[in-house]
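Enquirer: Dropping in protein_23.cif, with mmCIF, C-alpha atoms.
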data_model
loop_
_atom_site.group_PDB
_atom_site.id
_atom_site.type_symbol
_atom_site.label_atom_id
_atom_site.label_comp_id
_atom_site.auth_asym_id
_atom_site.auth_seq_id
_atom_site.Cartn_x
_atom_site.Cartn_y
_atom_site.Cartn_z
ATOM 1 C CA MET A 1 92.847 144.234 45.156
ATOM 2 C CA PRO A 2 92.242 140.489 45.618
ATOM 3 C CA ASN A 3 88.635 139.342 45.391
ATOM 4 C CA LEU A 4 86.841 137.316 48.063
ATOM 5 C CA HIS A 5 87.632 134.000 46.361
ATOM 6 C CA GLN A 6 91.363 134.832 46.267
ATOM 7 C CA ILE A 7 91.342 135.874 49.923
ATOM 8 C CA LYS A 8 89.608 132.645 50.959
ATOM 9 C CA SER A 9 91.984 130.595 48.826
ATOM 10 C CA GLU A 10 95.019 132.232 50.460
ATOM 11 C CA GLN A 11 93.530 131.692 53.929
ATOM 12 C CA THR A 12 93.018 128.015 53.085
ATOM 13 C CA ARG A 13 96.630 127.702 51.909
ATOM 14 C CA GLU A 14 97.875 129.324 55.108
ATOM 15 C CA ARG A 15 95.743 126.976 57.206
ATOM 16 C CA LEU A 16 97.093 123.952 55.353
ATOM 17 C CA MET A 17 100.701 125.136 55.737
ATOM 18 C CA ASP A 18 100.166 125.700 59.464
ATOM 19 C CA ALA A 19 98.773 122.177 59.799
ATOM 20 C CA ALA A 20 101.681 120.713 57.816
ATOM 21 C CA LEU A 21 104.244 122.559 59.945
ATOM 22 C CA ALA A 22 102.670 121.289 63.161
ATOM 23 C CA LEU A 23 102.657 117.717 61.827
ATOM 24 C CA MET A 24 106.258 117.961 60.601
ATOM 25 C CA GLU A 25 107.448 119.185 63.957
ATOM 26 C CA ALA A 26 105.534 116.406 65.729
ATOM 27 C CA LYS A 27 106.196 113.492 63.366
ATOM 28 C CA GLY A 28 108.792 114.478 60.749
ATOM 29 C CA LEU A 29 108.308 114.024 57.025
ATOM 30 C CA ALA A 30 107.580 110.304 57.370
ATOM 31 C CA GLY A 31 104.458 111.143 59.350
ATOM 32 C CA LEU A 32 103.353 113.822 56.915
ATOM 33 C CA SER A 33 100.805 112.756 54.322
ATOM 34 C CA MET A 34 98.300 114.799 52.391
ATOM 35 C CA HIS A 35 95.572 112.876 54.217
ATOM 36 C CA GLU A 36 97.088 113.798 57.617
ATOM 37 C CA VAL A 37 97.429 117.453 56.616
ATOM 38 C CA ALA A 38 93.817 117.498 55.459
ATOM 39 C CA ARG A 39 92.563 115.847 58.645
ATOM 40 C CA SER A 40 94.582 118.189 60.861
ATOM 41 C CA ALA A 41 93.235 121.245 58.997
ATOM 42 C CA GLY A 42 89.665 119.915 59.023
ATOM 43 C CA MET A 43 89.516 119.599 55.235
ATOM 44 C CA THR A 44 89.369 116.920 52.576
ATOM 45 C CA THR A 45 92.427 115.413 50.913
ATOM 46 C CA GLY A 46 91.113 116.796 47.625
ATOM 47 C CA ALA A 47 91.221 120.321 49.065
ATOM 48 C CA VAL A 48 94.875 119.874 49.978
ATOM 49 C CA GLN A 49 95.763 118.510 46.537
ATOM 50 C CA HIS A 50 93.911 121.378 44.892
ATOM 51 C CA HIS A 51 96.340 123.822 46.526
ATOM 52 C CA PHE A 52 99.443 121.587 46.745
ATOM 53 C CA PRO A 53 99.780 118.760 44.202
ATOM 54 C CA SER A 54 102.587 117.035 46.159
ATOM 55 C CA LYS A 55 104.423 117.079 49.472
ATOM 56 C CA ALA A 56 107.396 118.721 47.742
ATOM 57 C CA ALA A 57 105.173 121.538 46.458
ATOM 58 C CA LEU A 58 103.797 121.997 49.962
ATOM 59 C CA MET A 59 107.318 122.084 51.445
ATOM 60 C CA LEU A 60 108.419 124.620 48.867
ATOM 61 C CA GLN A 61 105.542 126.930 49.777
ATOM 62 C CA ILE A 62 106.365 126.604 53.472
ATOM 63 C CA ILE A 63 109.989 127.584 52.837
ATOM 64 C CA GLN A 64 108.814 130.462 50.633
ATOM 65 C CA ARG A 65 106.563 131.690 53.426
ATOM 66 C CA LEU A 66 109.428 131.573 55.919
ATOM 67 C CA VAL A 67 111.707 133.439 53.509
ATOM 68 C CA GLN A 68 109.011 136.038 52.890
ATOM 69 C CA GLN A 69 108.740 136.592 56.627
ATOM 70 C CA ILE A 70 112.511 137.105 56.763
ATOM 71 C CA ASP A 71 112.481 139.387 53.721
ATOM 72 C CA THR A 72 110.023 141.760 55.375
ATOM 73 C CA ASP A 73 111.528 141.560 58.880
ATOM 74 C CA ASP A 74 114.093 144.316 59.263
ATOM 75 C CA SER A 75 115.356 142.855 62.550
ATOM 76 C CA PHE A 76 116.704 139.891 60.577
ATOM 77 C CA TRP A 77 118.940 141.989 58.350
ATOM 78 C CA PRO A 78 122.013 143.744 59.759
ATOM 79 C CA SER A 79 122.274 147.477 59.273
ATOM 80 C CA PRO A 80 124.930 148.505 56.722
ATOM 81 C CA ARG A 81 126.061 151.068 59.312
ATOM 82 C CA TRP A 82 127.219 148.353 61.716
ATOM 83 C CA PRO A 83 130.865 147.222 61.760
ATOM 84 C CA LEU A 84 131.524 144.355 59.370
ATOM 85 C CA GLN A 85 132.103 141.716 62.058
ATOM 86 C CA ARG A 86 128.831 142.557 63.781
ATOM 87 C CA ARG A 87 126.944 142.366 60.476
ATOM 88 C CA ALA A 88 128.467 139.019 59.519
ATOM 89 C CA ASP A 89 127.864 137.480 62.957
ATOM 90 C CA HIS A 90 124.300 138.800 63.039
ATOM 91 C CA PHE A 91 123.440 137.488 59.585
ATOM 92 C CA VAL A 92 124.755 133.941 59.979
ATOM 93 C CA HIS A 93 123.210 133.489 63.421
ATOM 94 C CA GLU A 94 119.821 134.963 62.470
ATOM 95 C CA ALA A 95 119.727 132.873 59.276
ATOM 96 C CA TRP A 96 120.574 129.767 61.277
ATOM 97 C CA GLN A 97 118.146 130.349 64.142
ATOM 98 C CA ARG A 98 115.202 131.447 62.024
ATOM 99 C CA LEU A 99 115.474 129.246 58.943
ATOM 100 C CA TYR A 100 118.352 126.905 58.173
ATOM 101 C CA GLY A 101 118.779 125.452 61.667
ATOM 102 C CA GLN A 102 115.073 124.742 62.098
ATOM 103 C CA PRO A 103 114.009 121.065 61.903
ATOM 104 C CA ARG A 104 111.452 121.972 59.219
ATOM 105 C CA PHE A 105 114.284 123.027 56.895
ATOM 106 C CA ALA A 106 115.822 119.532 56.874
ATOM 107 C CA VAL A 107 112.342 118.051 56.452
ATOM 108 C CA ALA A 108 111.729 120.304 53.439
ATOM 109 C CA TRP A 109 114.931 119.129 51.776
ATOM 110 C CA GLU A 110 113.950 115.532 52.461
ATOM 111 C CA ALA A 111 110.740 116.223 50.517
ATOM 112 C CA TYR A 112 112.674 117.883 47.672
ATOM 113 C CA LEU A 113 115.055 114.947 47.353
ATOM 114 C CA ALA A 114 112.121 112.530 47.292
ATOM 115 C CA VAL A 115 110.918 114.062 43.997
ATOM 116 C CA ARG A 116 114.287 114.518 42.274
ATOM 117 C CA ALA A 117 113.303 111.994 39.597
ATOM 118 C CA ASP A 118 110.248 114.088 38.667
ATOM 119 C CA ALA A 119 111.618 116.481 36.032
ATOM 120 C CA ALA A 120 108.577 118.770 36.084
ATOM 121 C CA MET A 121 108.651 119.138 39.874
ATOM 122 C CA VAL A 122 112.423 119.698 39.875
ATOM 123 C CA ALA A 123 111.994 122.447 37.271
ATOM 124 C CA HIS A 124 109.222 124.027 39.361
ATOM 125 C CA ILE A 125 111.328 123.926 42.527
ATOM 126 C CA HIS A 126 114.308 125.355 40.644
ATOM 127 C CA ALA A 127 112.239 128.279 39.324
ATOM 128 C CA GLU A 128 110.653 129.018 42.701
ATOM 129 C CA ARG A 129 113.970 128.805 44.526
ATOM 130 C CA ALA A 130 115.479 131.232 42.011
ATOM 131 C CA LEU A 131 112.829 133.786 43.007
ATOM 132 C CA ILE A 132 113.606 133.213 46.684
ATOM 133 C CA ASN A 133 117.330 133.636 46.033
ATOM 134 C CA ASP A 134 116.771 136.862 44.107
ATOM 135 C CA LYS A 135 114.889 138.364 47.061
ATOM 136 C CA LEU A 136 117.524 137.298 49.548
ATOM 137 C CA GLN A 137 120.328 138.532 47.331
ATOM 138 C CA LEU A 138 118.833 142.030 47.123
ATOM 139 C CA ARG A 139 118.599 142.240 50.890
ATOM 140 C CA MET A 140 122.075 140.785 51.318
ATOM 141 C CA VAL A 141 123.640 143.468 49.124
ATOM 142 C CA ARG A 142 121.840 146.147 51.133
ATOM 143 C CA SER A 143 123.332 144.763 54.334
ATOM 144 C CA PHE A 144 126.763 144.229 52.793
ATOM 145 C CA PRO A 145 127.133 147.134 50.331
ATOM 146 C CA GLU A 146 130.836 146.309 49.989
ATOM 147 C CA TRP A 147 129.702 143.525 47.648
ATOM 148 C CA ALA A 148 127.644 145.713 45.360
ATOM 149 C CA ASP A 149 130.363 146.282 42.759
ATOM 150 C CA ALA A 150 132.221 143.005 43.180
ATOM 151 C CA PRO A 151 132.121 140.952 39.956
ATOM 152 C CA ASP A 152 131.733 137.746 41.946
ATOM 153 C CA ALA A 153 129.114 139.038 44.405
ATOM 154 C CA VAL A 154 126.461 136.562 43.216
ATOM 155 C CA ALA A 155 128.842 133.611 43.571
ATOM 156 C CA ARG A 156 129.800 134.767 47.070
ATOM 157 C CA PHE A 157 126.156 135.061 48.042
ATOM 158 C CA GLN A 158 125.373 131.599 46.640
ATOM 159 C CA LEU A 159 128.330 130.110 48.514
ATOM 160 C CA VAL A 160 127.079 131.517 51.828
ATOM 161 C CA LEU A 161 123.582 130.112 51.218
ATOM 162 C CA SER A 162 125.005 126.759 50.105
ATOM 163 C CA CYS A 163 126.961 126.537 53.353
ATOM 164 C CA LEU A 164 123.855 127.308 55.388
ATOM 165 C CA ARG A 165 121.753 124.801 53.431
ATOM 166 C CA GLY A 166 124.353 122.066 53.850
ATOM 167 C CA MET A 167 124.579 122.761 57.558
ATOM 168 C CA GLY A 168 120.783 122.647 57.801
ATOM 169 C CA VAL A 169 120.654 119.217 56.179
ATOM 170 C CA LEU A 170 123.405 117.880 58.470
ATOM 171 C CA ALA A 171 122.162 119.531 61.670
ATOM 172 C CA PRO A 172 120.118 116.488 62.826
ATOM 173 C CA PHE A 173 123.365 114.464 62.785
ATOM 174 C CA SER A 174 125.624 117.075 64.412
ATOM 175 C CA SER A 175 125.991 118.640 67.827
ATOM 176 C CA PRO A 176 124.933 122.250 68.461
ATOM 177 C CA ALA A 177 128.554 122.999 69.425
ATOM 178 C CA ALA A 178 129.819 121.757 66.046
ATOM 179 C CA MET A 179 127.216 123.865 64.249
ATOM 180 C CA GLU A 180 128.217 126.944 66.247
ATOM 181 C CA LEU A 181 131.878 126.496 65.282
ATOM 182 C CA GLN A 182 130.863 126.286 61.623
ATOM 183 C CA LEU A 183 128.724 129.419 61.940
ATOM 184 C CA GLN A 184 131.737 131.245 63.348
ATOM 185 C CA GLN A 185 133.806 130.139 60.356
ATOM 186 C CA LEU A 186 131.049 131.208 57.990
ATOM 187 C CA SER A 187 131.012 134.645 59.608
ATOM 188 C CA LEU A 188 134.776 134.895 59.067
ATOM 189 C CA LEU A 189 134.274 133.898 55.429
ATOM 190 C CA LEU A 190 131.684 136.647 54.999
ATOM 191 C CA GLN A 191 134.102 139.147 56.503
ATOM 192 C CA SER A 192 136.881 138.013 54.185
ATOM 193 C CA PHE A 193 134.732 138.946 51.181
ATOM 194 C CA SER A 194 134.898 142.607 52.152
ATOM 195 C CA PRO A 195 137.547 144.969 50.719
ATOM 196 C CA GLU A 196 137.911 146.266 54.269
ATOM 197 C CA VAL A 197 139.868 143.178 55.227
ATOM 198 C CA THR A 198 141.556 142.384 51.930
ATOM 199 C CA PRO A 199 145.368 142.395 52.449
#
Written as structure tokens, how would this file's structure read?
Expert:
Amino acid sequence: MPNLHQIKSEQTRERLMDAALALMEAKGLAGLSMHEVARSAGMTTGAVQHHFPSKAALMLQIIQRLVQQIDTDDSFWPSPRWPLQRRADHFVHEAWQRLYGQPRFAVAWEAYLAVRADAAMVAHIHAERALINDKLQLRMVRSFPEWADAPDAVARFQLVLSCLRGMGVLAPFSSPAAMELQLQQLSLLLQSFSPEVTP
């Protein structure tokens, strides 16, 4: 059981992430500073830096929180009992609407790229993203059990996420219609991974 200090610390982190999300959606990453986050949350800049040493660390925690919400939300994940096409369509559209197609996703990647010269931060982001990927991969295999025994299941999973990430980064420069066509192609790719449709 967490103690009172841990509970208060987590509440403070949540409050800071909420403030950062609101600022990002209003101003984008350029308008997001630790000072602005602190002011919006009614705290000091030192309090923000105590919990999040950089904007990239803050962005990473926001993405982790969104992924955690998805991980525990059964409505996000298609039932393995559904037909393959329905599962593939459901997954790519839910992933797009709830995470990768959101403006905050592109903003988070902008923050990551801004610290790519910082080896320690890159290593931290890499380790944290690996944990996120592991969680998503477990849920993905449950929804697509056809992959469970495939020797290249991990590579397939990573390819799907890479496509979604790339689309998320390009979304501000593309039309919704173009994104929808790509989502349809991604669904077809997911379906092609299944032995059910292997010639």
Enquirer: To one decimal place, how far is CA of Ala108 in chain A from CA of Gly168 in chain A in Å?
Expert: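 Interatomic distance here is 10.3 Å.
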Enquirer: For the interface of range 68-117 of chain A with range 131-140 of chain A (cut-off 12 Å, counting all atoms listed in the file), please tabulate each contacting residue of range 68-117 of chain A alongside its nearest pair of atoms and their separation in Å to one decimal, rows sorted by chain and increasing number, as CSV.
Expert:
residue,atom,partner,partner_atom,distance
A:Gln68,CA,A:Ile132,CA,8.2
A:Gln69,CA,A:Leu136,CA,11.3
A:Ile70,CA,A:Leu136,CA,8.8
A:Asp71,CA,A:Leu136,CA,6.9
A:Thr72,CA,A:Arg139,CA,9.7
A:Asp73,CA,A:Arg139,CA,10.7
A:Asp74,CA,A:Arg139,CA,9.7
A:Phe76,CA,A:Arg139,CA,10.1
A:Trp77,CA,A:Arg139,CA,7.5
A:Pro78,CA,A:Met140,CA,8.9
A:Ser79,CA,A:Met140,CA,10.4
A:Pro80,CA,A:Met140,CA,9.8
A:Arg87,CA,A:Met140,CA,10.5
A:Ala88,CA,A:Met140,CA,10.5
A:Phe91,CA,A:Met140,CA,9.0
A:Val92,CA,A:Met140,CA,11.4
A:Ala95,CA,A:Leu136,CA,10.9
Enquirer: My list of candidates is A:Pro2, A:Gly42, A:Pro53, A:Gly101. Which is closest to Glu180 in chain A when distances are computed with only C-alpha atoms?
Expert: A:Gly101
Enquirer: Return the single residue from A:Thr44, A:Phe105, A:Ala150, A:Val141 that is closest to Gly166 in chain A, with distances computed using only C-alpha atoms.
Expert: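 Counting only C-alpha atoms, the residue closest to Gly166 in chain A is A:Phe105.
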Enquirer: So which one's closest to Gln184 in chain A, A:Ser75, A:Gln85, A:Glu110, A:Pro103? Using only C-alpha atoms, please.
Expert: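 Closest candidate: A:Gln85.
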Enquirer: For Ala47 in chain A, list every protein, DNA or RNA residue within 10 Å, evaluated using only C-alpha atoms, and leave out those in the same chain fewer than 6 positions away; present the list as a list in words.
Expert: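 So the residues in contact are Thr12, Arg13, Leu16, Met34, Ala38 and Pro53 of chain A.
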Enquirer: Around all the atoms of range 171-185 of chain A listed in the file, with 6 Å of room on each side, what axis-aligned box do you get, giving centre and edge lengths in Å to one decimal, as JSON?
Expert:
{"center_x": 127.0, "center_y": 122.9, "center_z": 64.9, "size_x": 25.7, "size_y": 28.8, "size_z": 21.1}
Enquirer: Between CA of Pro83 in chain A and CA of Leu99 in chain A, what is the distance, to one decimal in Å?
Expert: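 The value is 23.8 Å.
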Enquirer: By how many Å are CA of Glu146 in chain A and CA of Trp82 in chain A apart?
Expert: 12.4 Å
Enquirer: Out of A:His126, A:Lys55, A:Leu66, A:Ser40, which residue has the shortest atom-to-atom distance to Ala114 in chain A when counting all atoms listed in the file?
Expert: A:Lys55
Enquirer: Enumerate, as a PDB file with C-alpha atoms, in the coordinates of the input, the protein, DNA and RNA residues whose atoms approach (122.9, 134.5, 42.3) to within 9 Å, taking into account all atoms listed in the file and the coordinate frame of the file.
Expert:
ATOM      1  CA  ALA A 130     115.479 131.232  42.011  1.00  0.00           C
ATOM      2  CA  ASN A 133     117.330 133.636  46.033  1.00  0.00           C
ATOM      3  CA  ASP A 134     116.771 136.862  44.107  1.00  0.00           C
ATOM      4  CA  GLN A 137     120.328 138.532  47.331  1.00  0.00           C
ATOM      5  CA  ALA A 153     129.114 139.038  44.405  1.00  0.00           C
ATOM      6  CA  VAL A 154     126.461 136.562  43.216  1.00  0.00           C
ATOM      7  CA  ALA A 155     128.842 133.611  43.571  1.00  0.00           C
ATOM      8  CA  ARG A 156     129.800 134.767  47.070  1.00  0.00           C
ATOM      9  CA  PHE A 157     126.156 135.061  48.042  1.00  0.00           C
ATOM     10  CA  GLN A 158     125.373 131.599  46.640  1.00  0.00           C
TER      11      GLN A 158
END
Enquirer: Once the PyMOL selection byres ((chain A and resi 32) around 10) has been evaluated on this model, what residues remain selected, and can you format them as a compact mmCIF listing (two decimals) with C-alpha atoms, in the frame of the given file?
Expert:
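Writing done, so here's result-v6.txt:
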# COMPACT_ATOMS: atom_id res chain seq x y z
CA ALA A 19 98.77 122.18 59.80
CA ALA A 20 101.68 120.71 57.82
CA LEU A 21 104.24 122.56 59.94
CA ALA A 22 102.67 121.29 63.16
CA LEU A 23 102.66 117.72 61.83
CA MET A 24 106.26 117.96 60.60
CA GLU A 25 107.45 119.18 63.96
CA ALA A 26 105.53 116.41 65.73
CA LYS A 27 106.20 113.49 63.37
CA GLY A 28 108.79 114.48 60.75
CA LEU A 29 108.31 114.02 57.02
CA ALA A 30 107.58 110.30 57.37
CA GLY A 31 104.46 111.14 59.35
CA SER A 33 100.80 112.76 54.32
CA MET A 34 98.30 114.80 52.39
CA HIS A 35 95.57 112.88 54.22
CA GLU A 36 97.09 113.80 57.62
CA VAL A 37 97.43 117.45 56.62
CA LYS A 55 104.42 117.08 49.47
CA VAL A 107 112.34 118.05 56.45
Enquirer: Excluding Leu186 in chain A and its own-chain neighbours fewer than 3 positions away, which residues fall within 8 Å of it when counting only C-alpha atoms? Please give them as a list in words.
Expert: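 The contact residues come out as Val92, Val160, Cys163, Gln182, Leu183, Leu189 and Leu190 of chain A.
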Enquirer: For Val169 in chain A, which of A:Leu84, A:Met121, A:Leu58, A:Leu113 is the closest residue, counting only C-alpha atoms?
Expert: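 For Val169 in chain A, the nearest of the given residues is A:Leu113.
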Enquirer: Give me the result of the PyMOL selection byres ((chain A and resi 56) around 7) on this file, residue by residue, as a PDB file with C-alpha atoms, keeping the file's coordinate frame.
Expert:
ATOM      1  CA  SER A  54     102.587 117.035  46.159  1.00  0.00           C
ATOM      2  CA  LYS A  55     104.423 117.079  49.472  1.00  0.00           C
ATOM      3  CA  ALA A  57     105.173 121.538  46.458  1.00  0.00           C
ATOM      4  CA  LEU A  58     103.797 121.997  49.962  1.00  0.00           C
ATOM      5  CA  MET A  59     107.318 122.084  51.445  1.00  0.00           C
ATOM      6  CA  LEU A  60     108.419 124.620  48.867  1.00  0.00           C
ATOM      7  CA  ALA A 111     110.740 116.223  50.517  1.00  0.00           C
ATOM      8  CA  TYR A 112     112.674 117.883  47.672  1.00  0.00           C
ATOM      9  CA  VAL A 115     110.918 114.062  43.997  1.00  0.00           C
TER      10      VAL A 115
END
Enquirer: Taking the partial coordinates given, rebuild range 6-17 of chain A to contain N, CA and C atoms; return it as a PDB file, in the coordinates of the input.
Expert:
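As written to disk, part_13.pdb reads:
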ATOM      1  N   GLN A   6      89.907 134.867  46.108  1.00  0.00           N
ATOM      2  CA  GLN A   6      91.363 134.832  46.267  1.00  0.00           C
ATOM      3  C   GLN A   6      91.765 134.918  47.735  1.00  0.00           C
ATOM      4  N   ILE A   7      91.049 135.746  48.488  1.00  0.00           N
ATOM      5  CA  ILE A   7      91.342 135.874  49.923  1.00  0.00           C
ATOM      6  C   ILE A   7      91.081 134.547  50.636  1.00  0.00           C
ATOM      7  N   LYS A   8      89.931 133.923  50.332  1.00  0.00           N
ATOM      8  CA  LYS A   8      89.608 132.645  50.959  1.00  0.00           C
ATOM      9  C   LYS A   8      90.605 131.560  50.560  1.00  0.00           C
ATOM     10  N   SER A   9      91.003 131.577  49.302  1.00  0.00           N
ATOM     11  CA  SER A   9      91.984 130.595  48.826  1.00  0.00           C
ATOM     12  C   SER A   9      93.306 130.743  49.563  1.00  0.00           C
ATOM     13  N   GLU A  10      93.763 131.983  49.750  1.00  0.00           N
ATOM     14  CA  GLU A  10      95.019 132.232  50.460  1.00  0.00           C
ATOM     15  C   GLU A  10      94.892 131.839  51.927  1.00  0.00           C
ATOM     16  N   GLN A  11      93.748 132.089  52.531  1.00  0.00           N
ATOM     17  CA  GLN A  11      93.530 131.692  53.929  1.00  0.00           C
ATOM     18  C   GLN A  11      93.572 130.170  54.067  1.00  0.00           C
ATOM     19  N   THR A  12      93.002 129.481  53.072  1.00  0.00           N
ATOM     20  CA  THR A  12      93.018 128.015  53.085  1.00  0.00           C
ATOM     21  C   THR A  12      94.450 127.503  52.968  1.00  0.00           C
ATOM     22  N   ARG A  13      95.229 128.101  52.078  1.00  0.00           N
ATOM     23  CA  ARG A  13      96.630 127.702  51.909  1.00  0.00           C
ATOM     24  C   ARG A  13      97.410 127.911  53.211  1.00  0.00           C
ATOM     25  N   GLU A  14      97.179 129.037  53.851  1.00  0.00           N
ATOM     26  CA  GLU A  14      97.875 129.324  55.108  1.00  0.00           C
ATOM     27  C   GLU A  14      97.494 128.295  56.180  1.00  0.00           C
ATOM     28  N   ARG A  15      96.220 127.956  56.225  1.00  0.00           N
ATOM     29  CA  ARG A  15      95.743 126.976  57.206  1.00  0.00           C
ATOM     30  C   ARG A  15      96.379 125.611  56.960  1.00  0.00           C
ATOM     31  N   LEU A  16      96.474 125.231  55.696  1.00  0.00           N
ATOM     32  CA  LEU A  16      97.093 123.952  55.353  1.00  0.00           C
ATOM     33  C   LEU A  16      98.588 123.952  55.682  1.00  0.00           C
ATOM     34  N   MET A  17      99.275 125.067  55.418  1.00  0.00           N
ATOM     35  CA  MET A  17     100.701 125.136  55.737  1.00  0.00           C
ATOM     36  C   MET A  17     100.925 125.084  57.242  1.00  0.00           C
TER      37      MET A  17
END
